[in-house]
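Here's coords_12.tsv, which has TSV, C-alpha atoms:
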```
chain	number	residue	atom	x	y	z
A	1	GLN	CA	10.51	14.81	-4.65
A	2	LEU	CA	13.37	13.53	-2.52
A	3	GLN	CA	13.08	9.82	-1.96
A	4	LEU	CA	14.75	6.44	-1.77
A	5	VAL	CA	13.19	3.49	-3.53
A	6	GLU	CA	14.14	-0.09	-2.72
A	7	SER	CA	13.64	-2.98	-5.10
A	8	GLY	CA	14.74	-6.56	-5.55
A	9	GLY	CA	12.95	-8.26	-2.70
A	10	GLY	CA	11.00	-11.46	-3.11
A	11	LEU	CA	10.59	-15.07	-2.11
A	12	VAL	CA	13.68	-17.26	-2.15
A	13	GLN	CA	14.53	-20.72	-0.87
A	14	PRO	CA	17.05	-21.21	1.94
A	15	GLY	CA	20.54	-21.01	0.54
A	16	GLY	CA	19.43	-18.75	-2.27
A	17	SER	CA	20.47	-15.23	-3.20
A	18	LEU	CA	18.90	-11.85	-3.79
A	19	THR	CA	20.25	-8.43	-4.63
A	20	LEU	CA	18.45	-5.42	-3.23
A	21	SER	CA	18.77	-2.01	-4.84
A	22	CYS	CA	18.25	1.41	-3.27
A	23	ALA	CA	17.86	4.19	-5.80
A	24	ALA	CA	17.73	7.86	-4.90
A	25	SER	CA	15.68	10.44	-6.73
A	26	GLY	CA	15.67	14.18	-6.24
A	27	PHE	CA	19.13	14.20	-4.67
A	28	THR	CA	22.53	12.60	-5.20
A	29	LEU	CA	23.93	9.98	-2.86
A	30	ASP	CA	27.55	11.09	-3.19
A	31	ASP	CA	27.57	12.91	0.11
A	32	TYR	CA	25.50	10.42	2.06
A	33	VAL	CA	26.27	7.42	4.19
A	34	ILE	CA	23.88	4.63	3.21
A	35	ALA	CA	22.66	1.87	5.48
A	36	TRP	CA	20.35	-1.09	5.21
A	37	PHE	CA	18.05	-1.95	8.10
A	38	ARG	CA	15.53	-4.74	8.43
A	39	GLN	CA	12.52	-5.46	10.56
A	40	ALA	CA	11.01	-8.90	11.04
A	41	PRO	CA	7.47	-9.40	12.34
A	42	GLY	CA	7.34	-8.88	16.08
A	43	LYS	CA	10.95	-7.75	16.26
A	44	GLU	CA	12.69	-4.42	16.51
A	45	ARG	CA	14.36	-2.90	13.52
A	46	GLU	CA	18.03	-3.82	13.27
A	47	GLY	CA	20.92	-2.48	11.28
A	48	VAL	CA	22.22	-4.83	8.61
A	49	SER	CA	24.99	-2.98	6.83
A	50	CYS	CA	26.45	0.44	6.16
A	51	ILE	CA	28.67	1.95	3.48
A	52	GLY	CA	30.60	5.17	3.74
A	53	THR	CA	30.43	8.03	1.30
A	54	SER	CA	33.49	6.93	-0.63
A	55	GLY	CA	32.45	3.31	-0.62
A	56	GLY	CA	35.75	2.27	0.89
A	57	ARG	CA	34.45	1.60	4.39
A	58	THR	CA	31.69	-0.86	5.14
A	59	ASN	CA	30.25	-2.46	8.23
A	60	TYR	CA	27.96	-5.42	8.83
A	61	GLU	CA	25.80	-6.91	11.50
A	62	ASP	CA	27.49	-10.06	12.79
A	63	SER	CA	24.87	-12.51	11.53
A	64	VAL	CA	25.29	-11.39	7.90
A	65	LYS	CA	29.07	-11.08	7.75
A	66	GLY	CA	30.47	-13.22	4.97
A	67	ARG	CA	27.03	-13.60	3.37
A	68	PHE	CA	25.96	-10.04	2.53
A	69	THR	CA	27.89	-7.44	0.56
A	70	ILE	CA	27.01	-3.77	0.38
A	71	SER	CA	28.20	-1.63	-2.52
A	72	ARG	CA	27.42	1.67	-4.13
A	73	ASP	CA	27.50	3.10	-7.64
A	74	ASN	CA	27.39	6.84	-7.28
A	75	ALA	CA	27.19	7.27	-11.05
A	76	LYS	CA	23.89	5.40	-10.96
A	77	ASN	CA	22.87	7.00	-7.67
A	78	THR	CA	22.21	3.52	-6.32
A	79	VAL	CA	23.32	1.32	-3.45
A	80	TYR	CA	23.11	-2.45	-3.51
A	81	LEU	CA	22.91	-5.24	-0.97
A	82	GLN	CA	23.98	-8.60	-2.35
A	83	MET	CA	22.59	-11.32	-0.10
A	84	ASN	CA	23.86	-14.88	-0.41
A	85	SER	CA	23.20	-18.04	1.59
A	86	LEU	CA	19.91	-16.65	2.76
A	87	GLN	CA	18.27	-18.26	5.74
A	88	PRO	CA	14.73	-18.14	7.13
A	89	GLU	CA	15.90	-15.79	9.87
A	90	ASP	CA	16.77	-13.24	7.19
A	91	THR	CA	13.06	-12.86	6.45
A	92	ALA	CA	12.12	-9.23	7.03
A	93	ILE	CA	11.24	-5.97	5.40
A	94	TYR	CA	14.48	-4.34	4.30
A	95	TYR	CA	14.85	-0.58	4.31
A	96	CYS	CA	17.61	1.62	3.01
A	97	ALA	CA	18.44	4.91	4.69
A	98	ALA	CA	20.62	7.87	3.73
A	99	GLY	CA	22.44	10.08	6.22
A	100	ARG	CA	24.28	13.21	5.15
A	101	ARG	CA	27.99	13.00	5.74
A	102	ILE	CA	29.18	14.87	8.81
A	103	PRO	CA	33.00	14.90	8.83
A	104	GLY	CA	34.37	13.24	11.91
A	105	VAL	CA	30.93	12.18	13.07
A	106	GLN	CA	29.22	10.16	10.37
A	107	SER	CA	31.05	9.36	7.20
A	108	THR	CA	32.93	6.09	7.49
A	109	CYS	CA	30.39	3.67	9.02
A	110	GLY	CA	32.25	3.20	12.25
A	111	VAL	CA	30.89	1.34	15.25
A	112	THR	CA	28.16	3.93	15.85
A	113	TRP	CA	26.68	3.68	12.34
A	114	ARG	CA	23.37	2.33	13.60
A	115	SER	CA	22.71	5.55	15.50
A	116	TYR	CA	23.67	7.96	12.73
A	117	LYS	CA	21.10	10.54	11.79
A	118	TYR	CA	19.42	9.23	8.66
A	119	ASP	CA	17.60	11.90	6.70
A	120	TYR	CA	15.81	9.75	4.14
A	121	TRP	CA	14.25	6.30	4.34
A	122	GLY	CA	12.81	4.08	1.66
A	123	GLN	CA	9.44	2.41	1.82
A	124	GLY	CA	10.91	-1.05	2.29
A	125	THR	CA	11.05	-4.24	0.28
A	126	GLN	CA	9.93	-7.64	1.57
A	127	VAL	CA	12.41	-10.50	1.66
A	128	THR	CA	10.99	-13.92	2.47
A	129	VAL	CA	13.21	-16.96	2.82
A	130	SER	CA	11.20	-20.14	2.87
A	131	SER	CA	11.06	-23.58	1.32
```

Could the structure of this file be written out as structure tokens, please?
Amino acid sequence: QLQLVESGGGLVQPGGSLTLSCAASGFTLDDYVIAWFRQAPGKEREGVSCIGTSGGRTNYEDSVKGRFTISRDNAKNTVYLQMNSLQPEDTAIYYCAAGRRIPGVQSTCGVTWRSYKYDYWGQGTQVTVSS
């Protein structure tokens, strides 16, 4: 079965940290762009971060720049989202998504990364930031 599984969510106080993991099963992530999206109650889903197939190119939504770091370990078939200095507005369900690399179109997480074609989505993990 081809799937992505997120883990690492939870309840954290403002200013705290969490690391989310996105593990693939049934396929390898080497040839996929990986992105994290989030959706808060009553809000539309928004893109949080993206990492290219080689891991050398990343992109972030403005509100998380300097606080979140995306990384990938292709040997472990896993992508991570390190989240520091968490704030209540970061509360959401976080989803990872995998889009097959298309040379020249979707591979390096350029400015259009939010509208890439993502072939696989995880089930989501809840992140709650509250005192």

Polymer residues at most 9 Å from range 21-26 of chain A, all atoms listed in the file, same-chain spacing of 5 or more positions, as an MDAnalysis selection string: chainID A and resid 1:9 76:82 95:97 122

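Of note, CA of Val64 in chain A and CA of Leu20 in chain A are spaced 14.4 Å apart.
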
Phe37 in chain A environment, 6 Å, all atoms listed in the file, sequence neighbours closer than 2 positions dropped, as a ChimeraX atom specification: /A:46-48,94-95

Kindly compute an axis-aligned box around the listed atoms of range 105-123 of chain A, allowing 4 Å on each side, and express its centre and edge lengths in Å to one decimal as lines of an AutoDock Vina configuration file.
```
center_x = 21.2
center_y = 6.8
center_z = 8.8
size_x = 31.5
size_y = 18.8
size_z = 22.2
```

Neighbours of point (9.9, -9.1, 10.6) within 12 Å, using all atoms listed in the file, written as a PyMOL selection string: chain A and resi 37-46+88-95+124-129

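Picture a line from CA of Arg72 in chain A to CA of Ser115 in chain A; it runs 20.6 Å.
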
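All residues of protein, DNA or RNA that reach within 8 Å of Asn74 in chain A, judged by all atoms listed in the file and not counting those fewer than 6 positions away in the chain, are Thr28, Leu29 and Asp30 of chain A.
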
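Atom pair CA of Lys65 in chain A / CA of Tyr118 in chain A has a distance of 22.5 Å (rounded to one decimal).
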
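Nearest-residue note for Arg67 in chain A: choosing from A:Ser54, A:Thr19, A:Gln123, A:Gln106, the minimum distance belongs to A:Thr19, counting all atoms listed in the file.
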
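Among the candidates A:Ser85, A:Ser130, A:Arg57, A:Tyr120, the one nearest to Thr108 in chain A when counting only C-alpha atoms is A:Arg57.
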
Can you list, as an mmCIF file with C-alpha atoms, keeping the file's coordinate frame, every protein, DNA or RNA residue that comes within 9 Å of Lys117 in chain A when you count only C-alpha atoms, leaving out same-chain residues fewer than 5 positions away?
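After the write, part.cif holds the following:
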```
data_model
loop_
_atom_site.group_PDB
_atom_site.id
_atom_site.type_symbol
_atom_site.label_atom_id
_atom_site.label_comp_id
_atom_site.auth_asym_id
_atom_site.auth_seq_id
_atom_site.Cartn_x
_atom_site.Cartn_y
_atom_site.Cartn_z
ATOM 1 C CA ALA A 98 20.620 7.870 3.730
ATOM 2 C CA GLY A 99 22.440 10.080 6.220
ATOM 3 C CA ARG A 100 24.280 13.210 5.150
ATOM 4 C CA GLN A 106 29.220 10.160 10.370
#
```
